[in-house]
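> File query24.pdb follows (PDB, C-alpha atoms and all ligand atoms):
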ATOM      1  CA  MET A 136     122.627  82.140 127.893
ATOM      2  CA  ASP A 137     119.891  79.818 129.205
ATOM      3  CA  ILE A 138     116.950  79.563 126.818
ATOM      4  CA  ALA A 139     113.791  77.498 127.181
ATOM      5  CA  PHE A 140     113.305  75.408 124.036
ATOM      6  CA  SER A 141     109.811  74.069 123.343
ATOM      7  CA  ASP A 142     109.473  70.355 122.570
ATOM      8  CA  ARG A 143     108.116  71.301 119.133
ATOM      9  CA  PHE A 144     111.216  73.366 118.342
ATOM     10  CA  LEU A 145     113.556  70.669 119.699
ATOM     11  CA  ASN A 146     111.818  68.079 117.569
ATOM     12  CA  MET A 147     112.170  70.333 114.521
ATOM     13  CA  LEU A 148     115.883  70.799 115.232
ATOM     14  CA  LYS A 149     116.273  67.016 115.428
ATOM     15  CA  THR A 150     114.360  66.159 112.277
ATOM     16  CA  ALA A 151     114.771  69.123 109.893
ATOM     17  CA  ARG A 152     116.494  68.451 106.578
ATOM     18  CA  SER A 153     116.585  71.966 105.179
ATOM     19  CA  VAL A 154     117.054  75.251 107.048
ATOM     20  CA  VAL A 155     116.924  78.898 105.943
ATOM     21  CA  VAL A 156     118.290  81.793 108.019
ATOM     22  CA  SER A 157     117.079  85.213 106.851
ATOM     23  CA  THR A 158     118.691  88.240 108.532
ATOM     24  CA  GLY A 159     118.078  91.963 108.821
ATOM     25  CA  ALA A 160     119.891  94.889 110.404
ATOM     26  CA  GLY A 161     119.376  93.505 113.936
ATOM     27  CA  VAL A 162     121.904  90.703 113.410
ATOM     28  CA  SER A 163     124.607  93.377 112.920
ATOM     29  CA  ALA A 164     123.454  95.702 115.715
ATOM     30  CA  GLU A 165     125.782  94.132 118.319
ATOM     31  CA  SER A 166     128.675  94.729 115.929
ATOM     32  CA  GLY A 167     127.908  98.461 116.076
ATOM     33  CA  VAL A 168     126.004  98.882 112.799
ATOM     34  CA  PRO A 169     123.051 101.221 113.395
ATOM     35  CA  THR A 170     119.729  99.622 112.449
ATOM     36  CA  PHE A 171     117.184 101.466 110.335
ATOM     37  CA  ARG A 172     114.155 101.691 112.578
ATOM     38  CA  GLY A 173     115.521 101.087 116.084
ATOM     39  CA  ALA A 174     116.156 103.766 118.719
ATOM     40  CA  ASP A 175     119.543 104.558 117.177
ATOM     41  CA  GLY A 176     118.011 104.039 113.738
ATOM     42  CA  LEU A 177     119.554 105.503 110.619
ATOM     43  CA  TRP A 178     116.122 106.543 109.452
ATOM     44  CA  LYS A 179     115.726 108.664 112.612
ATOM     45  CA  LYS A 180     118.147 111.235 111.259
ATOM     46  CA  PHE A 181     117.303 110.759 107.590
ATOM     47  CA  ARG A 182     114.184 109.717 105.638
ATOM     48  CA  PRO A 183     114.516 106.721 103.304
ATOM     49  CA  GLU A 184     112.834 108.464 100.352
ATOM     50  CA  GLU A 185     115.308 111.328 100.723
ATOM     51  CA  LEU A 186     118.362 109.152 100.470
ATOM     52  CA  ALA A 187     117.923 105.492  99.521
ATOM     53  CA  THR A 188     116.315 106.108  96.097
ATOM     54  CA  PHE A 189     117.717 106.643  92.591
ATOM     55  CA  GLU A 190     115.699 109.869  92.327
ATOM     56  CA  ALA A 191     117.399 111.272  95.425
ATOM     57  CA  PHE A 192     120.761 110.205  93.993
ATOM     58  CA  GLN A 193     120.081 111.945  90.670
ATOM     59  CA  ALA A 194     118.794 115.061  92.396
ATOM     60  CA  ASN A 195     121.567 115.242  94.960
ATOM     61  CA  PRO A 196     124.454 112.790  94.449
ATOM     62  CA  GLN A 197     126.624 114.721  96.931
ATOM     63  CA  ILE A 198     124.219 114.268  99.872
ATOM     64  CA  VAL A 199     123.479 110.617  99.048
ATOM     65  CA  TRP A 200     127.184 109.826  98.713
ATOM     66  CA  GLU A 201     127.973 111.596 101.994
ATOM     67  CA  TRP A 202     125.412 109.351 103.727
ATOM     68  CA  TYR A 203     126.929 106.216 102.230
ATOM     69  CA  GLN A 204     130.465 107.309 103.010
ATOM     70  CA  TYR A 205     129.338 107.935 106.640
ATOM     71  CA  ARG A 206     127.894 104.399 106.812
ATOM     72  CA  ARG A 207     130.941 102.876 105.084
ATOM     73  CA  GLU A 208     133.182 104.567 107.699
ATOM     74  CA  ILE A 209     131.233 102.782 110.453
ATOM     75  CA  ILE A 210     131.129  99.427 108.672
ATOM     76  CA  HIS A 211     134.823  99.580 107.748
ATOM     77  CA  LYS A 212     135.780  99.550 111.458
ATOM     78  CA  ILE A 213     133.476  96.843 112.789
ATOM     79  CA  LYS A 214     133.636  93.090 113.130
ATOM     80  CA  PRO A 215     131.118  90.260 112.966
ATOM     81  CA  ASN A 216     129.564  89.298 116.306
ATOM     82  CA  PRO A 217     128.841  85.865 117.894
ATOM     83  CA  GLY A 218     125.517  85.749 116.049
ATOM     84  CA  HIS A 219     127.258  85.901 112.651
ATOM     85  CA  TYR A 220     129.770  83.273 113.760
ATOM     86  CA  ALA A 221     127.047  80.898 115.005
ATOM     87  CA  ILE A 222     125.354  81.062 111.594
ATOM     88  CA  VAL A 223     128.680  80.154 109.917
ATOM     89  CA  ARG A 224     128.632  76.755 111.689
ATOM     90  CA  MET A 225     125.004  75.809 111.024
ATOM     91  CA  PRO A 226     125.381  74.400 107.474
ATOM     92  CA  GLU A 227     127.518  71.540 108.909
ATOM     93  CA  TYR A 228     124.467  70.100 110.666
ATOM     94  CA  PHE A 229     121.843  70.128 107.922
ATOM     95  CA  GLU A 230     121.585  68.518 104.481
ATOM     96  CA  SER A 231     120.455  71.828 103.028
ATOM     97  CA  PHE A 232     121.144  75.335 104.396
ATOM     98  CA  ASP A 233     120.597  78.782 102.875
ATOM     99  CA  LEU A 234     121.603  82.153 104.326
ATOM    100  CA  ILE A 235     119.654  85.158 103.028
ATOM    101  CA  THR A 236     120.377  88.725 104.132
ATOM    102  CA  GLN A 237     118.836  92.153 103.618
ATOM    103  CA  ASN A 238     122.001  93.656 105.056
ATOM    104  CA  VAL A 239     124.516  95.411 102.832
ATOM    105  CA  ASP A 240     127.355  95.369 105.418
ATOM    106  CA  GLY A 241     129.103  92.190 104.245
ATOM    107  CA  LEU A 242     129.486  90.925 107.845
ATOM    108  CA  HIS A 243     128.205  87.404 107.117
ATOM    109  CA  ARG A 244     130.962  86.882 104.556
ATOM    110  CA  ALA A 245     133.497  88.544 106.859
ATOM    111  CA  ALA A 246     132.511  85.991 109.559
ATOM    112  CA  GLY A 247     133.132  83.114 107.144
ATOM    113  CA  SER A 248     129.708  82.277 105.666
ATOM    114  CA  LEU A 249     130.615  81.000 102.201
ATOM    115  CA  ASP A 250     127.367  81.406 100.334
ATOM    116  CA  VAL A 251     125.324  84.502 101.243
ATOM    117  CA  ILE A 252     122.237  85.503  99.247
ATOM    118  CA  GLU A 253     122.524  89.324  99.402
ATOM    119  CA  LEU A 254     119.100  90.657  98.469
ATOM    120  CA  HIS A 255     120.025  94.351  98.684
ATOM    121  CA  GLY A 256     123.605  94.414  97.409
ATOM    122  CA  ASN A 257     126.764  95.432  99.200
ATOM    123  CA  ILE A 258     127.523  98.940 100.495
ATOM    124  CA  MET A 259     131.281  98.496 100.035
ATOM    125  CA  ARG A 260     130.957  97.966  96.254
ATOM    126  CA  ASN A 261     130.508 100.777  93.694
ATOM    127  CA  LYS A 262     128.597 100.425  90.407
ATOM    128  CA  CYS A 263     128.758 102.755  87.399
ATOM    129  CA  VAL A 264     125.315 103.922  86.265
ATOM    130  CA  ALA A 265     126.604 104.202  82.663
ATOM    131  CA  CYS A 266     128.723 101.097  82.013
ATOM    132  CA  GLY A 267     127.633  98.967  85.002
ATOM    133  CA  GLY A 268     131.299  98.475  85.950
ATOM    134  CA  LEU A 269     131.883  97.374  89.566
ATOM    135  CA  SER A 270     134.716  98.557  91.814
ATOM    136  CA  ASP A 271     135.555  98.498  95.517
ATOM    137  CA  ASP A 272     137.413 101.805  96.009
ATOM    138  CA  LEU A 273     136.473 103.536  99.222
ATOM    139  CA  GLU A 274     138.379 106.772  98.508
ATOM    140  CA  PHE A 275     137.841 108.817  95.350
ATOM    141  CA  ALA A 276     139.885 111.356  93.392
ATOM    142  CA  GLN A 277     136.753 113.447  92.936
ATOM    143  CA  PHE A 278     133.449 113.543  94.854
ATOM    144  CA  PRO A 279     130.750 112.516  94.028
ATOM    145  CA  PRO A 280     132.857 109.846  92.277
ATOM    146  CA  ILE A 281     132.997 109.321  88.528
ATOM    147  CA  CYS A 282     133.812 106.074  86.679
ATOM    148  CA  LYS A 283     136.754 105.789  84.263
ATOM    149  CA  CYS A 284     134.145 105.795  81.474
ATOM    150  CA  GLY A 285     132.901 109.191  82.670
ATOM    151  CA  GLY A 286     129.664 107.783  84.070
ATOM    152  CA  ARG A 287     128.545 108.478  87.642
ATOM    153  CA  LEU A 288     129.407 105.878  90.325
ATOM    154  CA  ARG A 289     126.770 104.796  92.887
ATOM    155  CA  PRO A 290     126.862 102.393  95.854
ATOM    156  CA  ASP A 291     125.986  98.896  94.588
ATOM    157  CA  VAL A 292     122.881  98.586  96.793
ATOM    158  CA  VAL A 293     119.186  98.183  95.929
ATOM    159  CA  TRP A 294     117.293 101.435  96.533
ATOM    160  CA  PHE A 295     113.577 101.795  97.232
ATOM    161  CA  GLY A 296     111.651 101.426  93.998
ATOM    162  CA  GLU A 297     114.459  99.332  92.434
ATOM    163  CA  MET A 298     114.214  95.660  91.561
ATOM    164  CA  LEU A 299     116.198  93.208  93.647
ATOM    165  CA  PRO A 300     118.837  91.118  91.817
ATOM    166  CA  ALA A 301     116.633  88.545  90.073
ATOM    167  CA  ASP A 302     118.898  85.550  90.737
ATOM    168  CA  ALA A 303     119.249  86.362  94.442
ATOM    169  CA  LEU A 304     115.504  86.836  94.904
ATOM    170  CA  GLU A 305     114.717  83.659  92.971
ATOM    171  CA  ARG A 306     117.143  81.600  95.101
ATOM    172  CA  ALA A 307     115.759  83.162  98.288
ATOM    173  CA  GLU A 308     112.142  82.475  97.391
ATOM    174  CA  LYS A 309     112.821  78.894  96.290
ATOM    175  CA  ALA A 310     114.719  78.103  99.503
ATOM    176  CA  SER A 311     112.120  79.790 101.736
ATOM    177  CA  ALA A 312     109.165  78.026 100.117
ATOM    178  CA  SER A 313     110.685  74.577 100.560
ATOM    179  CA  CYS A 314     112.565  74.636 103.883
ATOM    180  CA  ASP A 315     111.665  72.805 107.115
ATOM    181  CA  ILE A 316     112.793  75.592 109.492
ATOM    182  CA  PHE A 317     112.858  79.320 108.579
ATOM    183  CA  PHE A 318     114.751  81.591 111.007
ATOM    184  CA  SER A 319     113.892  85.304 110.738
ATOM    185  CA  VAL A 320     116.653  87.138 112.621
ATOM    186  CA  GLY A 321     116.811  90.854 113.461
ATOM    187  CA  THR A 322     114.350  92.226 110.947
ATOM    188  CA  SER A 323     111.296  94.379 111.490
ATOM    189  CA  GLY A 324     109.651  92.621 108.558
ATOM    190  CA  VAL A 325     108.605  95.885 106.891
ATOM    191  CA  VAL A 326     110.560  96.028 103.638
ATOM    192  CA  GLN A 327     109.215  94.043 100.691
ATOM    193  CA  PRO A 328     109.779  91.694  98.950
ATOM    194  CA  ALA A 329     112.298  90.495 101.624
ATOM    195  CA  ALA A 330     109.637  90.442 104.344
ATOM    196  CA  GLY A 331     107.477  88.181 102.169
ATOM    197  CA  LEU A 332     109.953  85.297 102.485
ATOM    198  CA  ALA A 333     108.686  84.402 105.958
ATOM    199  CA  TYR A 334     105.117  84.192 104.632
ATOM    200  CA  MET A 335     106.332  81.982 101.767
ATOM    201  CA  ALA A 336     108.065  79.717 104.262
ATOM    202  CA  ARG A 337     104.932  79.509 106.381
ATOM    203  CA  ARG A 338     102.817  78.684 103.310
ATOM    204  CA  GLY A 339     105.365  76.032 102.379
ATOM    205  CA  GLY A 340     104.813  74.371 105.754
ATOM    206  CA  ALA A 341     108.035  75.539 107.443
ATOM    207  CA  PHE A 342     108.412  75.948 111.210
ATOM    208  CA  VAL A 343     109.019  79.718 111.473
ATOM    209  CA  VAL A 344     111.327  80.941 114.243
ATOM    210  CA  GLU A 345     111.750  84.650 114.952
ATOM    211  CA  ILE A 346     114.733  86.048 116.879
ATOM    212  CA  ASN A 347     114.253  89.723 117.727
ATOM    213  CA  LEU A 348     114.513  92.122 120.658
ATOM    214  CA  GLU A 349     110.784  92.757 120.318
ATOM    215  CA  PRO A 350     107.687  91.492 118.506
ATOM    216  CA  THR A 351     107.449  92.533 114.845
ATOM    217  CA  GLU A 352     105.132  92.295 111.832
ATOM    218  CA  LEU A 353     106.262  88.676 111.484
ATOM    219  CA  THR A 354     105.695  87.535 115.072
ATOM    220  CA  TYR A 355     102.091  86.510 114.497
ATOM    221  CA  ILE A 356     103.107  84.052 111.751
ATOM    222  CA  SER A 357     105.993  82.620 113.784
ATOM    223  CA  ASP A 358     105.793  79.256 115.558
ATOM    224  CA  GLU A 359     108.449  80.352 118.024
ATOM    225  CA  HIS A 360     109.607  83.869 119.047
ATOM    226  CA  PHE A 361     112.885  84.243 120.951
ATOM    227  CA  GLY A 362     112.914  87.717 122.533
ATOM    228  CA  GLY A 363     116.460  88.969 122.974
ATOM    229  CA  LYS A 364     119.787  89.636 121.295
ATOM    230  CA  SER A 365     120.653  87.525 118.272
ATOM    231  CA  GLY A 366     124.323  87.629 119.337
ATOM    232  CA  GLU A 367     123.308  85.598 122.417
ATOM    233  CA  ILE A 368     120.392  83.523 121.128
ATOM    234  CA  LEU A 369     122.020  82.210 117.931
ATOM    235  CA  PRO A 370     125.046  80.717 119.771
ATOM    236  CA  ALA A 371     122.628  79.066 122.253
ATOM    237  CA  ILE A 372     120.613  77.598 119.362
ATOM    238  CA  LEU A 373     123.843  76.350 117.723
ATOM    239  CA  GLU A 374     124.797  74.568 120.977
ATOM    240  CA  LYS A 375     121.359  72.927 121.051
ATOM    241  CA  ILE A 376     121.728  71.882 117.374
ATOM    242  CA  LYS A 377     125.098  70.289 118.190
ATOM    243  CA  SER A 378     123.554  68.373 121.102
ATOM    244  CA  VAL A 379     120.614  66.964 119.138
ATOM    245  CA  ARG A 380     122.240  66.361 115.736
ATOM    246  CA  SER A 381     125.445  64.827 114.496
ATOM    247  CA  ARG A 382     127.328  66.768 111.868
ATOM    248  CA  SER A 383     125.777  66.010 108.505
ATOM    249  CA  LEU A 384     128.038  63.416 106.855
ATOM    250  CA  THR A 385     127.274  64.911 103.435
ATOM    251  CA  LYS A 386     129.150  68.061 104.492
ATOM    252  CA  SER A 387     132.926  68.243 104.745
TER
HETATM  253  C1  LIG B 401     110.736  97.025  95.118
HETATM  254  C2  LIG B 401     119.667  98.879 100.768
HETATM  255  C3  LIG B 401     109.469  97.122  93.263
HETATM  256  C4  LIG B 401     119.920 100.350 100.720
HETATM  257  C5  LIG B 401     117.339  98.660 101.464
HETATM  258  C6  LIG B 401     103.961  99.705 100.284
HETATM  259  C7  LIG B 401     103.738  98.422 100.741
HETATM  260  C8  LIG B 401     104.635  97.394 100.507
HETATM  261  C9  LIG B 401     105.815  97.645  99.809
HETATM  262  C10 LIG B 401     106.028  98.917  99.370
HETATM  263  C11 LIG B 401     105.133  99.950  99.600
HETATM  264  N1  LIG B 401     105.629 101.064  99.040
HETATM  265  C12 LIG B 401     106.832 100.785  98.478
HETATM  266  C13 LIG B 401     107.054  99.481  98.651
HETATM  267  C14 LIG B 401     108.192  98.730  98.175
HETATM  268  C15 LIG B 401     109.400  99.018  99.032
HETATM  269  C16 LIG B 401     109.115  98.778 100.511
HETATM  270  O1  LIG B 401     109.089  97.663 100.961
HETATM  271  N2  LIG B 401     108.882  99.866 101.240
HETATM  272  C17 LIG B 401     108.613  99.731 102.661
HETATM  273  C18 LIG B 401     109.330 100.852 103.411
HETATM  274  C19 LIG B 401     107.110  99.762 102.865
HETATM  275  N3  LIG B 401     110.371  98.065  98.595
HETATM  276  C20 LIG B 401     111.172  98.399  97.585
HETATM  277  O2  LIG B 401     111.187  99.493  97.049
HETATM  278  C21 LIG B 401     112.066  97.272  97.075
HETATM  279  N4  LIG B 401     111.919  97.237  95.649
HETATM  280  O3  LIG B 401     109.758  96.756  95.749
HETATM  281  O4  LIG B 401     110.750  97.161  93.816
HETATM  282  C22 LIG B 401     109.566  97.217  91.858
HETATM  283  C23 LIG B 401     108.678  96.468  91.130
HETATM  284  C24 LIG B 401     108.721  96.551  89.800
HETATM  285  C25 LIG B 401     109.657  97.379  89.187
HETATM  286  C26 LIG B 401     110.542  98.130  89.924
HETATM  287  C27 LIG B 401     110.503  98.064  91.265
HETATM  288  C28 LIG B 401     113.508  97.553  97.410
HETATM  289  C29 LIG B 401     113.693  97.485  98.900
HETATM  290  C30 LIG B 401     115.182  97.544  99.216
HETATM  291  C31 LIG B 401     115.508  98.872  99.850
HETATM  292  N5  LIG B 401     116.932  98.855 100.249
HETATM  293  N6  LIG B 401     118.642  98.595 101.775
HETATM  294  C32 LIG B 401     120.632 100.831 101.957
HETATM  295  O5  LIG B 401     120.850 100.031 102.902
HETATM  296  O6  LIG B 401     120.994 102.004 101.971
HETATM  297  S1  LIG B 401     116.192  98.417 102.655
HETATM  298  C33 LIG B 401     116.965  98.502 104.157
HETATM  299  O7  LIG B 401     115.921  98.619 105.089
HETATM  300  C34 LIG B 401     117.659  97.211 104.541
HETATM  301  O8  LIG B 401     118.345  96.607 103.496
HETATM  302  C35 LIG B 401     116.584  96.346 105.082
HETATM  303  O9  LIG B 401     115.966  95.603 104.096
HETATM  304  C36 LIG B 401     115.619  97.372 105.558
HETATM  305  C37 LIG B 401     115.772  97.499 107.041
HETATM  306  O10 LIG B 401     114.970  96.565 107.537
HETATM  307  P1  LIG B 401     115.528  95.666 108.706
HETATM  308  O11 LIG B 401     116.750  94.954 108.228
HETATM  309  O12 LIG B 401     114.380  94.889 109.169
HETATM  310  O13 LIG B 401     116.024  96.700 109.800
HETATM  311  P2  LIG B 401     115.127  97.500 110.844
HETATM  312  O14 LIG B 401     115.986  98.551 111.457
HETATM  313  O15 LIG B 401     113.840  97.861 110.198
HETATM  314  O16 LIG B 401     114.806  96.401 111.950
HETATM  315  C38 LIG B 401     115.855  95.898 112.769
HETATM  316  C39 LIG B 401     115.220  94.868 113.650
HETATM  317  O17 LIG B 401     116.235  94.272 114.411
HETATM  318  C40 LIG B 401     114.212  95.463 114.618
HETATM  319  O18 LIG B 401     113.052  94.659 114.603
HETATM  320  C41 LIG B 401     114.928  95.387 115.980
HETATM  321  O19 LIG B 401     114.012  95.098 117.017
HETATM  322  C42 LIG B 401     115.834  94.203 115.759
HETATM  323  N7  LIG B 401     117.066  94.207 116.541
HETATM  324  C43 LIG B 401     117.849  95.275 116.848
HETATM  325  N8  LIG B 401     118.929  94.838 117.557
HETATM  326  C44 LIG B 401     118.811  93.479 117.662
HETATM  327  C45 LIG B 401     117.626  93.077 117.024
HETATM  328  N9  LIG B 401     117.223  91.789 116.970
HETATM  329  C46 LIG B 401     118.013  90.873 117.573
HETATM  330  N10 LIG B 401     119.170  91.183 118.190
HETATM  331  C47 LIG B 401     119.591  92.466 118.266
HETATM  332  N11 LIG B 401     120.741  92.750 118.917
HETATM  333 ZN    ZN B 402     131.502 103.376  83.801
END
Show me the file's structure as structure tokens.
Ligand code: BV8
Ligand code: ZN


Amino acid sequence: MDIAFSDRFLNMLKTARSVVVSTGAGVSAESGVPTFRGADGLWKKFRPEELATFEAFQANPQIVWEWYQYRREIIHKIKPNPGHYAIVRMPEYFESFDLITQNVDGLHRAAGSLDVIELHGNIMRNKCVACGGLSDDLEFAQFPPICKCGGRLRPDVVWFGEMLPADALERAEKASASCDIFFSVGTSGVVQPAAGLAYMARRGGAFVVEINLEPTELTYISDEHFGGKSGEILPAILEKIKSVRSRSLTKS
């Protein structure tokens, strides 16, 4: 894919020490994972407050579990796309690199990214609301599933109104506030506090790059907006990084 790179962006790619990539549902769209707010969006058929909240789960565990099992079915069959794989290679070219994701699909790790800051948990993991025990069964003897301790199992994701994992959020905020380039990839920039990371990066003096099919809430604070598919744009950016930087000797 031929992309026009501004001199400012090229200069940033040449000189940056620390880079953050922050992804949303759009980075997984080309793998076949439905996004939340796009045309095929998950929220089209359902409403977030009806399903992705602890209250909804308590009121109707059967319905909430059916929705997660439906999404797990989709995610179980799909593979990372070229966008995920391009991100895997980026850390080799920078002294400091952090990957943050709002996604719960596990595709960054499946592609080979070693250290992923998962702000909203992982849909393929279960957590017991009573003992906090984690498990990765996808099939259950009874439905909605119950833990060995007798407590109710839930998907290990962060629901609306729930706190994000403190360590993940702290790492994400620290990296965003101090990086030289902040890539916002495939997110509508609506859900907080994840969406706030781009503002933190901007305030910290980072060069903010947005990759999205269309403009979003974050476009007006971005220094560069690449309109198009992340599965095509990220590999093109990786090729440019390779041509303007040698692999960072501090990285194996
Ligand atoms: C909390 C896990 C507080 C579950 C998710 C009013 C104002 C501000 C905030 C709030 C408010 N009212 C409530 C809040 C807080 C709320 C929130 O932000 N609400 C929003 C809706 C306004 N946030 C919370 O509740 C968070 N917790 O705030 O706690 C608190 C404080 C004290 C004490 C207790 C609590 C928790 C939020 C986490 C919710 N969980 N996921 C699950 O997945 O089932 S959110 C879920 O939606 C995702 O994880 C993700 O974060 C979000 C989806 O957003 P995106 O990833 O951006 O996806 P979207 O579809 O929107 O956009 C896709 C983009 O990709 C589009 O722009 C599209 O153009 C683009 N795209 C598509 N294809 C491609 C592409 N781009 C490139 N290439 C392509 N091929
Ligand atoms: Zn338990």

> Residues at most 12 Å from ligand ZN 402 (chain B), using only C-alpha atoms and all ligand atoms? Could they come as a ChimeraX atom specification?

/A:261-270,280-289

> Of the residues A:Trp202, A:Phe232, A:Phe275, A:Phe295, which is the one nearest to ligand LIG 401 (chain B), using all atoms listed in the file?

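The shortest atom-to-atom distance to ligand LIG 401 (chain B) comes from A:Phe295.
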
> For stretch 299-315 of chain A, work out the shell of residues within 9 Å, counting all atoms listed in the file and skipping chain neighbours fewer than 3 positions away, then give it as a ChimeraX atom specification.

/A:147,150-155,157,231-235,252-256,293-294,328-329,331-343

> Determine, counting all atoms listed in the file, which protein, DNA and RNA residues have an atom within 12 Å of an atom of A:Glu374; residues of the same chain fewer than 5 positions away are not included. Present the result as a list in words.

Met136, Asp137, Ile138, Phe140, Leu145, Leu148, Ala221, Ile222, Arg224, Met225, Tyr228, Glu367, Ile368, Leu369, Val379, Arg380 and Ser381 of chain A

> In Å, how far is it from atom CA of A:Thr351 to atom CA of A:Gly324?

6.7 Å

> Under the rule that only C-alpha atoms and all ligand atoms are counted, which of A:Phe361, A:Phe317, A:Tyr220, A:Phe171 is the nearest residue to ligand LIG 401 (chain B)?

A:Phe171

> Taking 6 positions as the minimum chain separation for residues in the same chain, which residues sit within 10 Å of A:Arg143 when counting only C-alpha atoms? Answer as a list of chain:residue names.

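My list of contacting residues is A:Lys149, A:Phe342, A:Asp358, A:Glu359.
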
> How far is it from atom CA of A:Asn216 to atom C2 of ligand LIG 401 (chain B), in Å with one decimal?

20.8 Å

> What does the distance between atom CA of A:Ile356 and atom CA of A:Asn238 come to in Å, to one decimal place?

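Separation of atom CA of A:Ile356 and atom CA of A:Asn238: 22.2 Å.
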
> Would you pick out the contacts of A:Thr158 at 7 Å or less, using only C-alpha atoms, so that residues sharing its chain but fewer than 4 positions from it are not included, and give the list as a PyMOL selection string?

chain A and resi 162+235-237+319-322

> Please list, as an MDAnalysis selection string, the residues that have an atom at most 12 Å away from (121.6, 111.5, 96.9) in the coordinates of this file, counting all atoms listed in the file.

chainID A and resid 181:204 279 287:290 294

> Save the residues we just selected, C-alpha atoms, as a short mmCIF file (atom, residue, chain, number, x, y, z; two decimals), in the coordinates of the input?


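Just written: selection-v8.cif:
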data_model
loop_
_atom_site.label_atom_id
_atom_site.label_comp_id
_atom_site.auth_asym_id
_atom_site.auth_seq_id
_atom_site.Cartn_x
_atom_site.Cartn_y
_atom_site.Cartn_z
CA PHE A 181 117.30 110.76 107.59
CA ARG A 182 114.18 109.72 105.64
CA PRO A 183 114.52 106.72 103.30
CA GLU A 184 112.83 108.46 100.35
CA GLU A 185 115.31 111.33 100.72
CA LEU A 186 118.36 109.15 100.47
CA ALA A 187 117.92 105.49 99.52
CA THR A 188 116.32 106.11 96.10
CA PHE A 189 117.72 106.64 92.59
CA GLU A 190 115.70 109.87 92.33
CA ALA A 191 117.40 111.27 95.42
CA PHE A 192 120.76 110.20 93.99
CA GLN A 193 120.08 111.94 90.67
CA ALA A 194 118.79 115.06 92.40
CA ASN A 195 121.57 115.24 94.96
CA PRO A 196 124.45 112.79 94.45
CA GLN A 197 126.62 114.72 96.93
CA ILE A 198 124.22 114.27 99.87
CA VAL A 199 123.48 110.62 99.05
CA TRP A 200 127.18 109.83 98.71
CA GLU A 201 127.97 111.60 101.99
CA TRP A 202 125.41 109.35 103.73
CA TYR A 203 126.93 106.22 102.23
CA GLN A 204 130.46 107.31 103.01
CA PRO A 279 130.75 112.52 94.03
CA ARG A 287 128.54 108.48 87.64
CA LEU A 288 129.41 105.88 90.32
CA ARG A 289 126.77 104.80 92.89
CA PRO A 290 126.86 102.39 95.85
CA TRP A 294 117.29 101.44 96.53
#

> Measuring atom to atom with only C-alpha atoms and all ligand atoms, identify which of A:Ile209, A:Val326, A:Val251, A:Ala139 is nearest to ligand LIG 401 (chain B).

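When distances to ligand LIG 401 (chain B) are compared using only C-alpha atoms and all ligand atoms, the smallest one comes from A:Val326.
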
> Find the spatial neighbours of A:Ser166, counting all atoms listed in the file, within a cut-off of 10 Å - ignore same-chain residues fewer than 5 positions away - and output them as a ChimeraX atom specification.

/A:161,210,212-219,242,366

> May I have the centre and edge lengths, in Å to one decimal, of an axis-aligned box around the listed atoms of ligand LIG 401 (chain B) with 3 Å added to every side, as lines of an AutoDock Vina configuration file?


center_x = 112.4
center_y = 96.4
center_z = 104.1
size_x = 23.3
size_y = 17.1
size_z = 35.7

> Using all atoms listed in the file for the distances, tell me which of A:Phe144, A:Phe229, A:Tyr205, A:Phe278 is nearest to ligand LIG 401 (chain B).

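Smallest distance to ligand LIG 401 (chain B) is found for A:Tyr205.
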
> Could you check which of A:Arg260, A:Arg207, A:Lys364, A:Arg244 is closest to ligand LIG 401 (chain B), using all atoms listed in the file?

A:Lys364

> So which one's closest to ligand LIG 401 (chain B), A:Asn146, A:Gln277, A:Ser357, A:Asn347? Using all atoms listed in the file, please.

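Answer, going by the shortest atom-to-atom distance: A:Asn347.
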